[in-house]
Amino acid sequence: MAQTTSTQSSGTNLALQQVLKVWSRIQVNSPIYDFLLSDVVIYHAEEGSFSARLQVGPKHLNSKGGLHGVFSACITDWAGGLAIASCGLESTGVSTNINVNYLSSAAAGDWLEIRGYANKVGKSLAFTTINISKCTESGNTTVVAQGSHTKYIKAR
């Protein structure tokens with residue numbers, strides 16, 4: 001289950017509570033998300049964005065020991081929905097387009113920093129951008145993948 005920190009401002013707290021609530025509902029109803037993202041820690045949210053981290057494990061790897069492309073696409077799908085949830089939506093819609101650019105890799109034991117942004121949430125479509133980065137021992141980050149995700153949402 002997702003974990004949070006208690007040092008959030010009240011506005012941020014509302015967005016974080018909304019993201020965690022939607023994630024709890026989705027996790028229970030999605031075996032694939034529950035399997036791949038059971039250890040994710042969502043630690044920050046504000047309207048239009050959220051941040052999470054996850055340590056890469058064996059189930060996230062391809063046959064060569066690198067982060068599997070399908071896992072990066074899964075994160076893009078998941079994080080796009082939660083970025084939309086940070087804007088107050090309960091239902092984050094269905095995917096109409098997902099694109100992922102693979103820029104580098106990660107290995108078992110690496111920590112991933114996941115950031116989701118709701119660029120525009122309109123009446124029927126929402127557009128999101130996702131950044132997946134690997135945290136290095138020196139505290140720097142290397143971008144592993146960047147995704148864009150468009151979702152059809154119910155008219156508000």
# chains A, B, ... in the order shown; residues from 1 in each chain; ligands from 1
>>> residues_around(residues="range 40-49 of chain A", least_positions_apart="6", cutoff="12 Å", atoms="only C-alpha atoms", output="PyMOL selection string")
chain A and resi 1-24+27+33-34+55-57+75+78-89+111-121+126-131
>>> select_by_dssp(residues="chain A", states="helix (DSSP H, G or I)", output="ChimeraX atom specification")
/A:10-29,31-37,58-60,69-85
>>> write_last_selection(atoms="C-alpha atoms", output="PDB file, in the first residue's frame")
ATOM      1  CA  SER A  10      -3.068  21.554   3.612  1.00  0.00           C
ATOM      2  CA  GLY A  11      -3.576  22.179  -0.142  1.00  0.00           C
ATOM      3  CA  THR A  12      -1.021  19.567  -1.004  1.00  0.00           C
ATOM      4  CA  ASN A  13      -2.542  17.243   1.572  1.00  0.00           C
ATOM      5  CA  LEU A  14      -5.888  17.318  -0.260  1.00  0.00           C
ATOM      6  CA  ALA A  15      -4.262  16.401  -3.564  1.00  0.00           C
ATOM      7  CA  LEU A  16      -2.183  13.692  -1.889  1.00  0.00           C
ATOM      8  CA  GLN A  17      -5.242  12.262  -0.117  1.00  0.00           C
ATOM      9  CA  GLN A  18      -7.116  12.222  -3.450  1.00  0.00           C
ATOM     10  CA  VAL A  19      -4.249  10.449  -5.259  1.00  0.00           C
ATOM     11  CA  LEU A  20      -3.918   7.870  -2.469  1.00  0.00           C
ATOM     12  CA  LYS A  21      -7.671   7.270  -2.423  1.00  0.00           C
ATOM     13  CA  VAL A  22      -7.804   6.669  -6.185  1.00  0.00           C
ATOM     14  CA  TRP A  23      -4.667   4.477  -6.016  1.00  0.00           C
ATOM     15  CA  SER A  24      -6.207   2.351  -3.238  1.00  0.00           C
ATOM     16  CA  ARG A  25      -9.309   1.753  -5.361  1.00  0.00           C
ATOM     17  CA  ILE A  26      -7.360   1.020  -8.534  1.00  0.00           C
ATOM     18  CA  GLN A  27      -4.861  -1.288  -6.807  1.00  0.00           C
ATOM     19  CA  VAL A  28      -7.616  -3.525  -5.435  1.00  0.00           C
ATOM     20  CA  ASN A  29      -9.282  -3.775  -8.853  1.00  0.00           C
ATOM     21  CA  PRO A  31      -4.134  -7.381 -10.534  1.00  0.00           C
ATOM     22  CA  ILE A  32      -1.371  -6.166 -12.871  1.00  0.00           C
ATOM     23  CA  TYR A  33      -0.910  -2.863 -11.019  1.00  0.00           C
ATOM     24  CA  ASP A  34      -1.040  -4.670  -7.692  1.00  0.00           C
ATOM     25  CA  PHE A  35       1.621  -7.121  -8.845  1.00  0.00           C
ATOM     26  CA  LEU A  36       4.003  -4.613 -10.446  1.00  0.00           C
ATOM     27  CA  LEU A  37       3.446  -1.607  -8.174  1.00  0.00           C
ATOM     28  CA  PRO A  58      13.250  -8.938 -10.396  1.00  0.00           C
ATOM     29  CA  LYS A  59       9.629  -8.713 -11.602  1.00  0.00           C
ATOM     30  CA  HIS A  60      10.438  -5.376 -13.313  1.00  0.00           C
ATOM     31  CA  GLY A  69       9.950  -1.643 -21.507  1.00  0.00           C
ATOM     32  CA  VAL A  70       6.501  -2.954 -20.705  1.00  0.00           C
ATOM     33  CA  PHE A  71       7.029  -1.943 -17.085  1.00  0.00           C
ATOM     34  CA  SER A  72       7.890   1.621 -18.133  1.00  0.00           C
ATOM     35  CA  ALA A  73       4.733   1.676 -20.260  1.00  0.00           C
ATOM     36  CA  CYS A  74       2.738   0.371 -17.281  1.00  0.00           C
ATOM     37  CA  ILE A  75       4.132   3.161 -15.103  1.00  0.00           C
ATOM     38  CA  THR A  76       3.171   5.690 -17.793  1.00  0.00           C
ATOM     39  CA  ASP A  77      -0.403   4.364 -17.825  1.00  0.00           C
ATOM     40  CA  TRP A  78      -0.644   4.278 -14.013  1.00  0.00           C
ATOM     41  CA  ALA A  79       1.005   7.642 -13.386  1.00  0.00           C
ATOM     42  CA  GLY A  80      -1.080   9.387 -16.041  1.00  0.00           C
ATOM     43  CA  GLY A  81      -4.237   8.348 -14.231  1.00  0.00           C
ATOM     44  CA  LEU A  82      -2.924   9.442 -10.848  1.00  0.00           C
ATOM     45  CA  ALA A  83      -1.806  12.817 -12.235  1.00  0.00           C
ATOM     46  CA  ILE A  84      -5.401  13.313 -13.370  1.00  0.00           C
ATOM     47  CA  ALA A  85      -6.623  12.194  -9.931  1.00  0.00           C
TER      48      ALA A  85
END
>>> select_by_dssp(residues="range 7-155 of chain A", states="strand (DSSP E or B)", output="MDAnalysis selection string")
chainID A and resid 41:46 49:55 61 67 94:102 111:121 125:135 141:152
